[in-house]
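Notes for the one structure printed next.
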There are 2 protein chains.
Amino acid sequence: MKKFINEVGNVEKEMIQGILKAYPDKIDVIDSEGTFVRKEKNDNKVAVISGGGSGHEPSFAGYVGKGMLDAAVAGAIYTSPAADRIYEAIKAVATSKGVLMIPMNYTGDIMNFEMAAEMAQMEGVITDMVVTNDDVAVDNSLYTVGRRGVAGTVLVHKVAGAMAETGASLDEVKAVAERANSNVRTMGVAINPSTIPAAGKPGFVLGDDEMEFGIGIHGEPGVRKEKLKSANEIVDMLLEKILDDLDYTGSEVALMVNGSGGTPLMELYLINNYAHDVLKNKGISVYKTFVGNYMTSIEQEGFSLTLLKLDGQLKELLDAPCDTAAMKI
Amino acid sequence: MKKFINEVGNVEKEMIQGILKAYPDKIDVIDSEGTFVRKEKNDNKVAVISGGGSGHEPSFAGYVGKGMLDAAVAGAIYTSPAADRIYEAIKAVATSKGVLMIPMNYTGDIMNFEMAAEMAQMEGVITDMVVTNDDVAVDNSLYTVGRRGVAGTVLVHKVAGAMAETGASLDEVKAVAERANSNVRTMGVAINPSTIPAAGKPGFVLGDDEMEFGIGIHGEPGVRKEKLKSANEIVDMLLEKILDDLDYTGSEVALMVNGSGGTPLMELYLINNYAHDVLKNKGISVYKTFVGNYMTSIEQEGFSLTLLKLDGQLKELLDAPCDTAAMKI
């Protein structure tokens with residue numbers, strides 16, 4: 001294991017401090033374990049919160065700020081944050097308009113977010129929840145009942161955060177998050193695994209000519225190993241799986257080409273080039289493109305493609321200003 | 001070689017198209033080889049241009065736009081762009097206020113920028129040049145007479161671009177770029193190399209317990225191989241080398257923790273944490289922090305630390321708005 005770290009047991013804590021020192025004007029923490037909250041609280045809006053294991057940076061601390069998340073609760077690497085910490089986050093950001101929780105669909109996360117919400121509700125906080133499940137790779141997984149939430153979650157956070165910023169009600173913000181989630185699909189692939197520092201060895205092993213198709217974001221193997229193909233062939237495979245699941249023909253979409261952490265930007269751009277061509281040929285119009293590391297798996301070398309079907313309101317919300325460490329519009 | 005590519009000979013061209021498709025509202029190209037220009041030309045300011053080999057994405061196409069660069073000329077991977085293409089870029093963005101070229105110090109780049117400037121001057125274009133050379137690793141290198149230009153270049157582009165945006169004269173913009181360059185220092189390290197697609201094998205080979213200390217950005221080996229150390233020890237080594245070269249004690253600085261392309265953000269944050277601590281202990285105050293992949297070497301796993309000593313004007317220029325693909329303030 002080659003990594004720029006100190007003690008394996010301290011990786012998360014040192015990272016959390018490093019995030020705070022990078023963005024002192026944007027984010028704060030309310031504990032030493034990475035319960036990030038927006039520096040300047042806005043009491044006149046629905047609070048939007050998320051969270052999940054670490055290892056996905058900039059998700060989700062990087063999206064805390066004006067126009068996106070009010071809080072992000074980070075667990076240990078690839079591990080759900082505990083319910084009591086989510087509860088503290090809810091209390092810290094709650095407003096009279098309520099709190100919308102938007103976690104990704106992993107059994108541990110959902111259990112802990114639900115438990116936290118129950119605790120907060122007993123104290124009079126109004127909460128609701130939308131669970132993202134954009135991954136078309138699997139119907140169920142090692143960690144989920146139903147589909148996993150992956151990179152598309154960031155786009156759901158973007159539009160929900162923008163809707164909240166307008167002063168909309170909890171029901172209205174929830175409706176936007178649900179519509180975005182029901183219109184977003186993601187599919188991923190990897191050619192090199194990630195290694196959890198405390199584990200010391202990679203989550204899967206691949207031959208020099210192999211790739212994991214249908215990869216998740218927690219270092220687990222994909223749906224199947226395949227021979228490594230050209231970038232264009234892989235893009236075809238990923239988009240086919242997405243488009244089989246939801247018909248985007250004739251739609252305007254947001255396209256996200258998301259790197260897993262170790263993938264060079266050069267390759268993400270090259271992938272973006274062909275993905276645009278394929279979508280155009282299928283009568284799908286790309287309204288907005290996101291290329292970069294939005295939802296990573298430590299140093300995994302891989303990428304995912306995400307499509308979000310847009311309507312007038314979602315376009316407006318996607319274009320609305322946001323001011324976070326990792327996304328600024 | 002495991003990469004998400006198609007034909008090795010097409011990597012740059014496909015990447016260029018992918019960049020254009022990602023940011024159609026920000027950047028344009030004037031040839032098929034990656035001569036990027038700002039979409040909305042501003043004739044009332046000094047034009048600022050740079051360029052160099054590809055493989056450093058988002059440098060420099062990602063910094064073309066309001067408040068930074070007016071043009072960026074991309075060569076093939078790790079290869080200088082030809083003089084005639086730089087000449088075309090100069091002509092495309094030139095204004096009556098002149099053109100400031102800010103390339104990095106590599107022999108081929110400087111030769112070609114100078115030749116291009118001579119050609120443009122014969123047509124009446126006023127040009128001047130500031131060459132960045134922030135790398136303290138080596139006094140001379142395989143590719144340079146004098147120090148190499150590396151990640152600190154991005155900060156020089158930021159302040160020069162902001163100064164140009166104020167409507168300042170060519171001499172004034174040049175003075176800011178020179179002051180920034182003379183106050184910026186960078187030192188880097190890598191634990192895994194990059195592979196140029198057309199070469200098919202990495203630029204250097206490291207053992208499982210080795211790192212390259214004093215790395216450049218073109219896939220070449222560093223100053224020396226060392227046993228891999230803890231992140232904190234490496235930060236100490238890099239900062240020691242920088243601070244030996246320029247005394248930052250008592251200063252306010254911008255700190256850049258730059259990833260080489262394959263380094264997970266988790267590790268860059270952890271590095272940032274300790275770098276802040278060391279600087280604080282030395283009486284150096286961090287005014288602004290940049291953590292991310294600003295100047296990469298394809299998929300190289302490594303990082304560099306950059307310090308820029310600030311004064312009132314440089315702080316203002318660093319904070320001034322910019323609207324580019326890779327930096328938005």
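Chain labels follow the order of the structure tokens: the first chain is A, the next B, and so on; residue numbering restarts at 1 in every chain, and ligands are counted from 1 in their shown order.
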Checklist line | Secondary structure check, strand (DSSP E or B) residues of segment 157-299 of chain B, as a PyMOL selection string | finding: chain B and resi 184-192+195+202+210-213+224-227+252-259+285-292
Next item on the list: Define the interface residues of chain B facing chain A as those within 6 Å, counting only C-alpha atoms, and report them as a list of chain:residue names.
Entry: B:Phe4, B:Ile5, B:Asn6, B:Glu14, B:Met15, B:Gln17, B:Gly18, B:Ile19, B:Ala22, B:Ser230, B:Ala231, B:Gly261, B:Gly262, B:Pro264, B:Glu267, B:Tyr269, B:Leu270, B:Asn272, B:Asn273, B:Thr289, B:Ile298, B:Glu299
Next item on the list: Enter the distance from atom CA of Val154 of chain B to atom CA of Tyr248 of chain B, in Å, rounded to one decimal.
Entry: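 Here the two named atoms are 19.5 Å from each other.
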Next item on the list: Within 7 Å of Gly34 of chain A, counting only C-alpha atoms, which residues show up once you throw out same-chain ones fewer than 4 positions away? Write them as a PyMOL selection string, please.
Entry: chain A and resi 16+29+73-74
Could you take the residues named above and write them with N, CA and C atoms, as a short mmCIF file (atom, residue, chain, number, x, y, z; two decimals), in the first residue's frame?
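This is the output file out21.cif:
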```
data_model
loop_
_atom_site.label_atom_id
_atom_site.label_comp_id
_atom_site.auth_asym_id
_atom_site.auth_seq_id
_atom_site.Cartn_x
_atom_site.Cartn_y
_atom_site.Cartn_z
N ILE A 16 -10.25 15.59 7.93
CA ILE A 16 -11.28 16.53 8.37
C ILE A 16 -10.65 17.88 8.74
N VAL A 29 -17.16 22.44 11.66
CA VAL A 29 -17.58 21.12 12.16
C VAL A 29 -18.11 21.29 13.58
N VAL A 73 -22.60 14.72 7.10
CA VAL A 73 -22.06 13.93 8.20
C VAL A 73 -21.18 12.83 7.62
N ALA A 74 -19.89 12.90 7.95
CA ALA A 74 -18.95 11.93 7.39
C ALA A 74 -18.70 10.80 8.38
#
```
Note to self: Taking 4 positions as the minimum chain separation for residues in the same chain, which residues sit within 10 Å of Glu212 of chain B when counting only C-alpha atoms? Answer as number ranges by chain.
What the structure shows: B: 188-193, 204-206, 216, 220-228, 302
